[in-house]
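Below is data.cif, holding mmCIF, C-alpha atoms (C1' of nucleotides).
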```cif
data_upload
#
loop_
_atom_site.label_atom_id
_atom_site.label_comp_id
_atom_site.auth_asym_id
_atom_site.auth_seq_id
_atom_site.Cartn_x
_atom_site.Cartn_y
_atom_site.Cartn_z
CA MET E 17 -99.52 -217.54 -199.05
CA GLN E 18 -100.15 -220.12 -196.36
CA THR E 19 -101.80 -219.83 -192.99
CA VAL E 20 -98.71 -218.57 -191.21
CA ALA E 21 -97.54 -215.04 -190.64
CA MET E 22 -100.63 -212.94 -191.24
CA THR E 23 -100.53 -210.70 -188.22
CA LYS E 24 -96.99 -209.40 -188.53
CA PRO E 25 -96.08 -208.92 -192.20
CA ILE E 26 -92.41 -208.30 -191.71
CA GLN E 27 -90.04 -206.72 -189.23
CA LYS E 28 -86.55 -207.42 -188.11
CA ARG E 29 -83.70 -205.04 -187.51
CA ALA E 30 -86.36 -202.36 -187.26
CA ILE E 31 -86.99 -203.39 -183.68
CA ALA E 32 -83.32 -203.00 -182.89
CA THR E 33 -83.26 -199.58 -184.55
CA ARG E 34 -86.23 -198.46 -182.52
CA GLU E 35 -84.52 -199.60 -179.36
CA LYS E 36 -81.40 -197.70 -180.34
CA LEU E 37 -83.44 -194.55 -180.86
CA LEU E 38 -85.25 -194.88 -177.54
CA SER E 39 -82.04 -195.66 -175.72
CA ALA E 40 -80.23 -192.71 -177.26
CA ALA E 41 -83.11 -190.40 -176.40
CA ASN E 42 -83.22 -191.61 -172.80
CA THR E 43 -79.51 -191.05 -172.43
CA LEU E 44 -79.69 -187.54 -173.85
CA ILE E 45 -82.69 -186.67 -171.71
CA SER E 46 -80.94 -187.83 -168.57
CA GLU E 47 -78.01 -185.63 -169.48
CA GLN E 48 -79.75 -182.49 -170.67
CA GLY E 49 -83.43 -182.77 -169.89
CA PHE E 50 -86.48 -183.08 -172.13
CA ASP E 51 -86.47 -179.58 -173.49
CA ALA E 52 -82.95 -179.72 -174.87
CA LEU E 53 -83.62 -182.93 -176.81
CA ARG E 54 -82.84 -182.58 -180.51
CA VAL E 55 -83.83 -185.13 -183.12
CA GLU E 56 -80.48 -184.73 -184.86
CA GLU E 57 -78.70 -185.55 -181.64
CA VAL E 58 -80.85 -188.61 -181.14
CA VAL E 59 -80.14 -190.02 -184.59
CA GLY E 60 -76.47 -189.07 -184.27
CA THR E 61 -76.18 -190.94 -180.97
CA ALA E 62 -78.17 -193.87 -182.29
CA GLY E 63 -76.07 -193.98 -185.44
CA VAL E 64 -78.92 -193.80 -187.95
CA ALA E 65 -80.13 -191.29 -190.50
CA LYS E 66 -82.67 -188.62 -189.73
CA GLY E 67 -85.32 -190.09 -191.96
CA THR E 68 -85.18 -193.31 -189.99
CA PHE E 69 -86.36 -191.48 -186.90
CA PHE E 70 -89.54 -190.41 -188.62
CA ALA E 71 -90.09 -193.88 -190.01
CA HIS E 72 -90.35 -195.02 -186.40
CA PHE E 73 -92.05 -192.04 -184.77
CA LYS E 74 -94.66 -189.82 -186.35
CA ASP E 75 -92.96 -186.75 -184.92
CA LYS E 76 -90.76 -185.71 -182.03
CA ASP E 77 -93.67 -185.59 -179.62
CA ALA E 78 -94.51 -189.20 -180.44
CA LEU E 79 -91.12 -190.19 -179.11
CA LEU E 80 -91.65 -188.12 -176.00
CA GLU E 81 -95.03 -189.74 -175.58
CA GLN E 82 -93.40 -193.16 -175.41
CA ILE E 83 -90.71 -192.08 -172.99
CA ILE E 84 -92.95 -190.05 -170.72
CA GLY E 85 -95.58 -192.77 -170.83
CA ALA E 86 -93.03 -195.32 -169.67
CA ARG E 87 -91.93 -193.15 -166.78
CA LEU E 88 -95.52 -192.50 -165.79
CA ALA E 89 -96.12 -196.24 -165.79
CA ASP E 90 -93.34 -196.73 -163.25
CA ILE E 91 -94.58 -193.91 -161.08
CA THR E 92 -98.19 -195.05 -161.24
CA GLU E 93 -97.28 -198.59 -160.34
CA ALA E 94 -95.31 -197.44 -157.32
CA MET E 95 -98.21 -195.28 -156.18
CA ALA E 96 -100.60 -198.21 -156.44
CA GLN E 97 -98.61 -200.56 -154.23
CA PRO E 98 -99.34 -199.40 -150.65
CA PRO E 99 -102.88 -199.54 -149.24
CA ALA E 100 -105.21 -196.70 -150.14
CA PRO E 101 -104.51 -193.40 -148.38
CA GLN E 102 -106.90 -192.67 -145.52
CA SER E 103 -106.82 -188.89 -145.58
CA ILE E 104 -106.33 -186.02 -147.97
CA ALA E 105 -102.87 -185.40 -146.59
CA GLU E 106 -101.89 -189.02 -147.13
CA MET E 107 -103.25 -188.90 -150.62
CA ILE E 108 -101.22 -185.84 -151.52
CA ALA E 109 -98.13 -187.40 -150.01
CA ARG E 110 -98.72 -190.45 -152.15
CA LEU E 111 -99.00 -188.27 -155.23
CA ALA E 112 -95.64 -186.64 -154.56
CA PRO E 113 -93.58 -188.62 -157.11
CA LEU E 114 -96.10 -187.92 -159.84
CA ILE E 115 -96.18 -184.22 -158.97
CA ALA E 116 -92.40 -184.07 -158.88
CA PHE E 117 -92.07 -185.59 -162.33
CA THR E 118 -94.87 -183.58 -163.87
CA THR E 119 -93.51 -180.30 -162.57
CA SER E 120 -89.90 -181.12 -163.34
CA GLU E 121 -90.09 -179.55 -166.77
CA ARG E 122 -92.69 -177.50 -168.51
CA ARG E 123 -92.28 -179.59 -171.64
CA VAL E 124 -93.24 -182.74 -169.77
CA PHE E 125 -96.47 -181.21 -168.59
CA ASP E 126 -97.31 -179.88 -172.05
CA VAL E 127 -96.81 -183.25 -173.71
CA MET E 128 -98.81 -184.98 -171.01
CA ILE E 129 -101.73 -182.63 -171.46
CA ARG E 130 -101.64 -182.93 -175.22
CA TYR E 131 -101.76 -186.70 -175.12
CA SER E 132 -103.95 -187.16 -172.08
CA GLY E 133 -107.29 -186.99 -173.81
CA ALA E 134 -107.35 -190.25 -175.63
CA ALA E 135 -108.91 -192.64 -173.18
CA ALA E 136 -111.08 -195.28 -174.83
CA VAL E 137 -109.68 -194.79 -178.30
CA ALA E 138 -108.89 -197.90 -180.27
CA GLU E 139 -105.19 -197.18 -180.51
CA ILE E 140 -104.66 -195.73 -177.06
CA GLY E 141 -101.33 -194.06 -176.49
CA PRO E 142 -99.09 -194.75 -173.51
CA ILE E 143 -99.78 -191.44 -171.80
CA ALA E 144 -103.54 -191.70 -172.20
CA GLU E 145 -103.30 -195.23 -170.89
CA GLN E 146 -101.56 -194.01 -167.78
CA PHE E 147 -104.17 -191.31 -167.24
CA ASP E 148 -106.79 -194.01 -167.49
CA THR E 149 -104.97 -196.18 -165.00
CA GLN E 150 -104.48 -193.27 -162.64
CA ILE E 151 -108.14 -192.34 -162.71
CA LEU E 152 -109.04 -195.91 -161.86
CA LEU E 153 -106.51 -195.86 -159.05
CA TYR E 154 -107.81 -192.59 -157.66
CA GLY E 155 -111.32 -193.99 -157.87
CA ARG E 156 -110.21 -196.98 -155.84
CA TRP E 157 -108.60 -194.69 -153.29
CA ALA E 158 -111.79 -192.69 -153.03
CA SER E 159 -113.84 -195.80 -152.43
CA GLU E 160 -111.43 -197.38 -149.98
CA GLY E 161 -110.94 -194.33 -147.79
CA PRO E 162 -113.17 -192.26 -145.48
CA PHE E 163 -114.58 -190.10 -148.26
CA ARG E 164 -117.92 -189.23 -149.79
CA ARG E 165 -120.09 -192.08 -151.05
CA ASP E 166 -122.66 -190.23 -153.10
CA ALA E 167 -120.75 -190.38 -156.37
CA ALA E 168 -119.31 -193.18 -158.47
CA PRO E 169 -115.66 -193.97 -157.68
CA GLU E 170 -114.59 -193.36 -161.25
CA LEU E 171 -116.20 -189.93 -161.24
CA LEU E 172 -114.37 -189.09 -158.04
CA GLY E 173 -111.19 -190.35 -159.66
CA GLU E 174 -111.69 -188.09 -162.66
CA GLY E 175 -112.17 -185.18 -160.32
CA ILE E 176 -108.97 -185.90 -158.46
CA SER E 177 -107.15 -186.01 -161.76
CA ALA E 178 -108.72 -182.74 -162.92
CA PHE E 179 -107.78 -180.95 -159.69
CA LEU E 180 -104.27 -182.33 -159.81
CA ILE E 181 -103.81 -180.94 -163.31
CA GLN E 182 -105.25 -177.60 -162.30
CA ALA E 183 -102.94 -177.36 -159.30
CA ILE E 184 -99.93 -178.27 -161.40
CA ALA E 185 -100.85 -175.85 -164.18
CA LEU E 186 -100.88 -173.03 -161.66
CA THR E 187 -97.42 -174.07 -160.51
CA PHE E 188 -95.87 -173.00 -163.78
CA CYS E 189 -96.75 -169.45 -163.03
CA ALA E 190 -93.56 -167.94 -161.72
CA LEU E 191 -94.46 -167.27 -158.13
CA ASN E 192 -96.37 -170.41 -157.22
CA SER E 193 -94.07 -172.72 -155.37
CA GLN E 194 -94.33 -176.40 -154.51
CA GLU E 195 -95.63 -175.31 -151.13
CA ALA E 196 -98.45 -173.43 -152.81
CA LEU E 197 -99.29 -176.41 -154.97
CA GLU E 198 -99.90 -178.68 -152.00
CA THR E 199 -101.90 -176.07 -150.14
CA ARG E 200 -104.05 -175.51 -153.16
CA LEU E 201 -104.50 -179.21 -153.85
CA THR E 202 -105.51 -179.78 -150.25
CA ALA E 203 -108.28 -177.21 -150.57
CA TYR E 204 -109.48 -178.73 -153.83
CA LEU E 205 -109.51 -182.31 -152.65
CA THR E 206 -111.08 -181.51 -149.31
CA ALA E 207 -113.98 -179.81 -151.02
CA TRP E 208 -114.20 -182.58 -153.60
CA LEU E 209 -113.93 -185.62 -151.38
CA LEU E 210 -115.31 -184.34 -148.07
CA PRO E 211 -118.23 -182.04 -148.79
CA GLN E 212 -119.96 -180.88 -145.63
CA GLU E 213 -123.49 -180.80 -146.91
CA MET H 19 -84.20 -133.83 -169.01
CA GLN H 20 -87.15 -132.15 -167.33
CA THR H 21 -90.02 -133.64 -165.38
CA VAL H 22 -92.05 -134.62 -168.40
CA ALA H 23 -92.05 -137.84 -170.38
CA MET H 24 -90.52 -140.31 -167.99
CA THR H 25 -93.02 -143.12 -168.22
CA LYS H 26 -93.15 -143.52 -171.99
CA PRO H 27 -89.67 -143.10 -173.46
CA ILE H 28 -90.76 -143.13 -177.08
CA GLN H 29 -93.28 -144.69 -179.38
CA LYS H 30 -95.08 -143.62 -182.48
CA ARG H 31 -95.56 -145.51 -185.69
CA ALA H 32 -94.83 -148.63 -183.62
CA ILE H 33 -98.41 -148.57 -182.40
CA ALA H 34 -99.66 -148.45 -185.95
CA THR H 35 -97.37 -151.29 -186.94
CA ARG H 36 -98.62 -153.40 -184.09
CA GLU H 37 -102.18 -152.73 -185.16
CA LYS H 38 -101.34 -153.73 -188.71
CA LEU H 39 -99.89 -156.99 -187.49
CA LEU H 40 -102.87 -157.78 -185.28
CA SER H 41 -105.29 -156.85 -188.01
CA ALA H 42 -103.51 -158.96 -190.60
CA ALA H 43 -103.41 -161.90 -188.22
CA ASN H 44 -107.11 -161.61 -187.45
CA THR H 45 -107.95 -161.52 -191.13
CA LEU H 46 -105.85 -164.57 -191.89
CA ILE H 47 -107.25 -166.47 -188.93
CA SER H 48 -110.82 -165.76 -190.01
CA GLU H 49 -109.94 -167.10 -193.44
CA GLN H 50 -107.87 -170.14 -192.59
CA GLY H 51 -108.10 -170.77 -188.87
CA PHE H 52 -105.53 -170.52 -186.11
CA ASP H 53 -103.50 -173.54 -187.01
CA ALA H 54 -102.74 -172.42 -190.56
CA LEU H 55 -101.41 -169.06 -189.42
CA ARG H 56 -97.88 -168.37 -190.66
CA VAL H 57 -95.73 -165.53 -189.42
CA GLU H 58 -94.50 -164.87 -192.97
CA GLU H 59 -98.07 -164.49 -194.14
CA VAL H 60 -98.82 -162.10 -191.33
CA VAL H 61 -95.90 -159.83 -192.09
CA GLY H 62 -96.61 -160.11 -195.81
CA THR H 63 -100.20 -159.05 -195.32
CA ALA H 64 -99.22 -156.31 -192.90
CA GLY H 65 -96.52 -155.06 -195.25
CA VAL H 66 -93.62 -155.18 -192.82
CA ALA H 67 -90.45 -157.21 -192.49
CA LYS H 68 -90.25 -160.43 -190.55
CA GLY H 69 -87.98 -159.00 -187.89
CA THR H 70 -90.57 -156.38 -187.11
CA PHE H 71 -92.98 -159.08 -186.01
CA PHE H 72 -90.59 -160.29 -183.36
CA ALA H 73 -89.87 -156.77 -182.22
CA HIS H 74 -93.55 -156.57 -181.30
CA PHE H 75 -94.24 -160.12 -180.14
CA LYS H 76 -91.84 -162.37 -178.28
CA ASP H 77 -92.88 -165.29 -180.44
CA LYS H 78 -95.81 -166.55 -182.49
CA ASP H 79 -97.65 -167.78 -179.41
CA ALA H 80 -97.46 -164.31 -177.89
CA LEU H 81 -99.49 -163.01 -180.81
CA LEU H 82 -101.99 -165.83 -180.41
CA GLU H 83 -102.18 -165.03 -176.73
CA GLN H 84 -103.29 -161.48 -177.53
CA ILE H 85 -105.85 -162.55 -180.10
CA ILE H 86 -107.28 -165.45 -178.14
CA GLY H 87 -107.30 -163.33 -175.00
CA ALA H 88 -109.33 -160.66 -176.76
CA ARG H 89 -111.88 -163.18 -178.00
CA LEU H 90 -112.14 -164.73 -174.56
CA ALA H 91 -112.79 -161.29 -173.14
CA ASP H 92 -115.79 -160.85 -175.44
CA ILE H 93 -117.14 -164.28 -174.63
CA THR H 94 -116.63 -163.87 -170.91
CA GLU H 95 -118.35 -160.52 -170.88
CA ALA H 96 -121.35 -161.91 -172.73
CA MET H 97 -121.58 -164.80 -170.29
CA ALA H 98 -121.54 -162.43 -167.35
CA GLN H 99 -124.46 -160.31 -168.51
CA PRO H 100 -127.58 -162.38 -167.67
CA PRO H 101 -128.43 -163.27 -164.06
CA ALA H 102 -126.62 -166.24 -162.55
CA PRO H 103 -127.78 -169.65 -163.78
CA GLN H 104 -130.03 -171.48 -161.33
CA SER H 105 -129.23 -175.04 -162.28
CA ILE H 106 -126.40 -177.14 -163.67
CA ALA H 107 -128.16 -177.34 -167.03
CA GLU H 108 -128.53 -173.58 -167.20
CA MET H 109 -124.90 -173.16 -166.28
CA ILE H 110 -123.72 -175.48 -169.03
CA ALA H 111 -125.98 -173.72 -171.52
CA ARG H 112 -124.43 -170.43 -170.48
CA LEU H 113 -120.96 -171.85 -171.02
CA ALA H 114 -121.81 -172.91 -174.57
CA PRO H 115 -120.06 -170.03 -176.38
CA LEU H 116 -116.89 -170.57 -174.40
CA ILE H 117 -116.98 -174.30 -175.05
CA ALA H 118 -117.61 -173.73 -178.75
CA PHE H 119 -114.64 -171.42 -179.08
CA THR H 120 -112.31 -173.55 -176.98
CA THR H 121 -113.11 -176.72 -178.91
CA SER H 122 -113.09 -175.05 -182.30
CA GLU H 123 -109.43 -175.81 -182.81
CA ARG H 124 -106.94 -177.87 -180.96
CA ARG H 125 -104.40 -175.08 -181.23
CA VAL H 126 -106.69 -172.69 -179.39
CA PHE H 127 -107.02 -175.06 -176.48
CA ASP H 128 -103.28 -175.69 -176.36
CA VAL H 129 -102.43 -172.01 -176.25
CA MET H 130 -105.07 -171.36 -173.61
CA ILE H 131 -103.71 -174.09 -171.37
CA ARG H 132 -100.14 -172.92 -171.82
CA TYR H 133 -100.98 -169.37 -170.83
CA SER H 134 -103.68 -170.07 -168.29
CA GLY H 135 -101.41 -170.51 -165.30
CA ALA H 136 -100.28 -166.98 -164.74
CA ALA H 137 -102.87 -165.58 -162.40
CA ALA H 138 -101.45 -163.18 -159.87
CA VAL H 139 -98.24 -162.52 -161.74
CA ALA H 140 -97.11 -158.93 -161.99
CA GLU H 141 -97.30 -158.83 -165.77
CA ILE H 142 -100.43 -160.88 -166.23
CA GLY H 143 -101.19 -161.97 -169.75
CA PRO H 144 -104.56 -161.54 -171.46
CA ILE H 145 -105.46 -165.23 -171.34
CA ALA H 146 -104.54 -165.63 -167.70
CA GLU H 147 -106.54 -162.51 -166.98
CA GLN H 148 -109.58 -164.05 -168.59
CA PHE H 149 -109.16 -167.25 -166.61
CA ASP H 150 -109.04 -165.14 -163.51
CA THR H 151 -112.18 -163.27 -164.51
CA GLN H 152 -113.95 -166.49 -165.38
CA ILE H 153 -113.14 -168.10 -162.07
CA LEU H 154 -114.53 -165.08 -160.29
CA LEU H 155 -117.64 -165.24 -162.45
CA TYR H 156 -118.12 -168.94 -161.77
CA GLY H 157 -117.68 -168.27 -158.08
CA ARG H 158 -120.40 -165.65 -158.27
CA TRP H 159 -122.67 -168.09 -160.07
CA ALA H 160 -122.01 -170.71 -157.42
CA SER H 161 -122.91 -168.30 -154.65
CA GLU H 162 -125.97 -166.86 -156.37
CA GLY H 163 -127.56 -170.18 -157.30
CA PRO H 164 -129.02 -173.14 -155.38
CA PHE H 165 -125.69 -174.83 -154.80
CA ARG H 166 -123.52 -175.97 -151.93
CA ARG H 167 -122.53 -173.41 -149.31
CA ASP H 168 -119.78 -175.22 -147.48
CA ALA H 169 -116.94 -173.92 -149.62
CA ALA H 170 -115.68 -170.49 -150.61
CA PRO H 171 -117.17 -169.19 -153.88
CA GLU H 172 -113.77 -168.74 -155.43
CA LEU H 173 -112.83 -172.33 -154.65
CA LEU H 174 -116.04 -173.50 -156.28
CA GLY H 175 -115.21 -171.31 -159.23
CA GLU H 176 -111.79 -172.86 -159.59
CA GLY H 177 -113.40 -176.28 -159.54
CA ILE H 178 -115.84 -175.37 -162.27
CA SER H 179 -112.93 -174.14 -164.36
CA ALA H 180 -110.94 -177.31 -163.71
CA PHE H 181 -113.84 -179.55 -164.68
CA LEU H 182 -114.53 -177.53 -167.77
CA ILE H 183 -110.95 -177.96 -168.91
CA GLN H 184 -111.03 -181.66 -168.16
CA ALA H 185 -114.26 -182.12 -170.13
CA ILE H 186 -112.86 -180.18 -173.06
CA ALA H 187 -109.55 -182.04 -173.01
CA LEU H 188 -111.41 -185.32 -173.36
CA THR H 189 -113.28 -183.89 -176.34
CA PHE H 190 -110.15 -183.86 -178.44
CA CYS H 191 -110.04 -187.60 -178.33
CA ALA H 192 -111.51 -188.74 -181.61
CA LEU H 193 -114.69 -190.40 -180.47
CA ASN H 194 -115.87 -187.99 -177.81
CA SER H 195 -118.48 -185.74 -179.34
CA GLN H 196 -119.97 -182.47 -178.19
CA GLU H 197 -122.85 -184.50 -176.80
CA ALA H 198 -120.43 -186.48 -174.67
CA LEU H 199 -118.82 -183.30 -173.41
CA GLU H 200 -122.05 -181.92 -171.99
CA THR H 201 -123.01 -185.24 -170.46
CA ARG H 202 -119.65 -185.50 -168.82
CA LEU H 203 -119.65 -181.92 -167.63
CA THR H 204 -123.10 -182.39 -166.15
CA ALA H 205 -121.84 -185.30 -164.09
CA TYR H 206 -118.81 -183.36 -162.93
CA LEU H 207 -120.66 -180.22 -161.96
CA THR H 208 -123.48 -182.05 -160.27
CA ALA H 209 -121.04 -183.88 -158.04
CA TRP H 210 -119.07 -180.69 -157.47
CA LEU H 211 -121.88 -178.25 -156.79
CA LEU H 212 -124.61 -180.50 -155.41
CA PRO H 213 -123.02 -183.13 -153.17
CA GLN H 214 -125.58 -185.31 -151.44
CA GLU H 215 -123.82 -185.85 -148.18
"C1'" DC Q 1 -81.54 -126.57 -189.40
"C1'" DA Q 2 -77.98 -129.49 -188.05
"C1'" DT Q 3 -76.65 -133.08 -185.24
"C1'" DA Q 4 -76.69 -136.49 -181.91
"C1'" DA Q 5 -79.17 -140.21 -179.51
"C1'" DA Q 6 -82.74 -143.45 -179.33
"C1'" DA Q 7 -86.36 -146.14 -181.24
"C1'" DT Q 8 -87.93 -148.82 -185.05
"C1'" DT Q 9 -87.51 -151.47 -189.03
"C1'" DT Q 10 -85.13 -154.46 -192.20
"C1'" DG Q 11 -83.88 -158.86 -194.47
"C1'" DA Q 12 -80.21 -162.09 -194.86
"C1'" DC Q 13 -79.29 -165.86 -192.11
"C1'" DC Q 14 -79.71 -169.85 -188.88
"C1'" DG Q 15 -81.66 -173.95 -186.15
"C1'" DT Q 16 -84.52 -177.56 -186.10
"C1'" DG Q 17 -88.50 -180.44 -187.19
"C1'" DG Q 18 -90.24 -182.92 -190.90
"C1'" DT Q 19 -90.63 -184.93 -196.12
"C1'" DC Q 20 -89.68 -188.02 -199.84
"C1'" DA Q 21 -87.62 -190.22 -203.99
"C1'" DA Q 22 -83.93 -193.13 -204.33
"C1'" DT Q 23 -81.02 -196.77 -202.41
"C1'" DT Q 24 -79.98 -200.66 -199.62
"C1'" DT Q 25 -81.14 -204.72 -197.09
"C1'" DA Q 26 -83.86 -208.63 -195.83
"C1'" DA Q 27 -87.40 -212.15 -196.92
"C1'" DT Q 28 -89.51 -215.49 -200.28
"C1'" DA Q 29 -90.08 -218.29 -204.36
"C1'" DG Q 30 -88.51 -221.29 -207.97
"C1'" DC R 2 -78.07 -219.35 -206.24
"C1'" DT R 3 -80.76 -215.87 -208.60
"C1'" DA R 4 -84.74 -213.16 -209.21
"C1'" DT R 5 -88.56 -210.72 -207.23
"C1'" DT R 6 -90.82 -208.11 -203.94
"C1'" DA R 7 -91.44 -205.54 -199.82
"C1'" DA R 8 -89.53 -203.43 -195.75
"C1'" DA R 9 -86.14 -200.46 -193.91
"C1'" DT R 10 -82.88 -196.91 -194.36
"C1'" DT R 11 -80.74 -192.86 -196.26
"C1'" DG R 12 -79.63 -187.95 -196.76
"C1'" DA R 13 -80.51 -184.05 -199.61
"C1'" DC R 14 -84.05 -180.92 -199.28
"C1'" DC R 15 -87.88 -177.96 -197.57
"C1'" DA R 16 -90.86 -175.17 -194.23
"C1'" DC R 17 -91.14 -172.17 -190.84
"C1'" DG R 18 -90.08 -169.94 -186.42
"C1'" DG R 19 -86.77 -167.02 -184.63
"C1'" DT R 20 -82.09 -163.96 -184.44
"C1'" DC R 21 -79.25 -159.98 -185.09
"C1'" DA R 22 -76.07 -156.49 -186.98
"C1'" DA R 23 -76.90 -152.87 -189.95
"C1'" DA R 24 -79.86 -149.32 -192.00
"C1'" DT R 25 -83.58 -146.11 -191.43
"C1'" DT R 26 -86.71 -143.06 -189.16
"C1'" DT R 27 -88.09 -140.37 -185.26
"C1'" DT R 28 -87.28 -137.38 -181.37
"C1'" DA R 29 -84.56 -134.23 -178.63
"C1'" DT R 30 -81.32 -130.40 -178.24
"C1'" DG R 31 -78.90 -126.12 -179.14
#
```
Show how you would write the structure in this file as structure tokens.
Amino acid sequence: MQTVAMTKPIQKRAIATREKLLSAANTLISEQGFDALRVEEVVGTAGVAKGTFFAHFKDKDALLEQIIGARLADITEAMAQPPAPQSIAEMIARLAPLIAFTTSERRVFDVMIRYSGAAAVAEIGPIAEQFDTQILLYGRWASEGPFRRDAAPELLGEGISAFLIQAIALTFCALNSQEALETRLTAYLTAWLLPQE
Amino acid sequence: MQTVAMTKPIQKRAIATREKLLSAANTLISEQGFDALRVEEVVGTAGVAKGTFFAHFKDKDALLEQIIGARLADITEAMAQPPAPQSIAEMIARLAPLIAFTTSERRVFDVMIRYSGAAAVAEIGPIAEQFDTQILLYGRWASEGPFRRDAAPELLGEGISAFLIQAIALTFCALNSQEALETRLTAYLTAWLLPQE
DNA sequence: CATAAAATTTGACCGTGGTCAATTTAATAG
DNA sequence: CTATTAAATTGACCACGGTCAAATTTTATG
């Protein structure tokens, strides 16, 4: 036992197997959506045994966490590129891709909510990490736009995130359309970011 | 076919069976908690066949929706009795029973979130109904206490609800304690109800 | 009562997520 | 090259939610 190789005991083909599983899952999801994903289909497509799946992912949701987290990362990065929005309307327009993805399937929203509350944990998951990043981004937006100045940017960011979730949650009730979501979110964010007293 | 009995085609022992199922479930939950509840145990305790369960409840969550909805109704009613809280601290103290129940088990929170977004649907579920009632209550509190006046009470109520959910969601991350929840909620509600500009 | 029609209940059966002891494969030492 | 050890993989198996055609019980009718 020398000084080398202490951090990573051993791994090899396992990385390739994991990639095969993720790739198979992504393919199946693109074909049939998140809700129709079956573990047996994933391992069948990947060409491995069922037990292997659970050697790589704690459960099915852990796989979804990785995949959804990765997609959120792309979306978040794209949202962060342009300069900060200078009005509520601009902000909501900027949030459109995130809203579209989050409302695309009920399952996506459920998994996101379940894994969202993990900020600041040692082993932070990919979804929680994205929530963290988003809150920071929203905080930056709040501080770089013509909005209230009496609260810490991060607090304002957390509020934006909370209102976004609330607006989306109400969307999944049958008769609330996308139109309603934006109207509702506008009311929330106006009261949150532009109080009149 | 005369003029009588058009609304209720037929029912009889079914009501008793439903009561047996609900009673059995409540007993089991009080003994082992929500998460350990098994449909087979419920029907075993109630003395009916498995299929009967699903003739009465669409799925397991539908049963939980009824039970959790009923408990929320009790809690909400108790919260509504005293006069409106006159400070953020009083408000959070008043919310204590609701917070305690909601954070008691992860499963409870998950079911509540899943069924919360149904306000204003024709066939409104018991949990969504309670959310609705709570938002109205919070709106009343906001209007009857020394808080901002530049937004509609119901909007303020929705915000309180959104922040409460956000604070609770963060609780389920390992290292956020009850203490942290109240601290966080205080910050949220202060910024929401008492903006300084 | 007898009989038909509808509501309710039944339990064998299935789909799918998840477990685990046994097997195979890769890494390391002599 | 062989032996030893640990990681990775396997697939039979289990747990549990949910389905459905058939059997049973209730209600309605003459």
Distance-based interface of chain E with chain R, 12 Å, counting only C-alpha atoms (C1' of nucleotides), as a ChimeraX atom specification
/E:24-34,63-72
Which residues match the PyMOL selection byres ((chain H) within 6 of (chain E)) in the file above, as a ChimeraX atom specification?
/H:135-136,168,180,184,187-188,191,214-215
I need the contact residues of chain Q against chain E, so if you could list those with any atom within 9 Å, counting all atoms listed in the file, and return them as number ranges by chain, that would help.
Q: 16-19, 26-27
Could you spell out the hits of the PyMOL selection byres ((chain H and resi 85-89) around 9) on the shown file, as a count of residues only?
23
Do you have the atom CA of Ile176 of chain E-atom CA of Asp77 of chain E distance handy?
26.1 Å
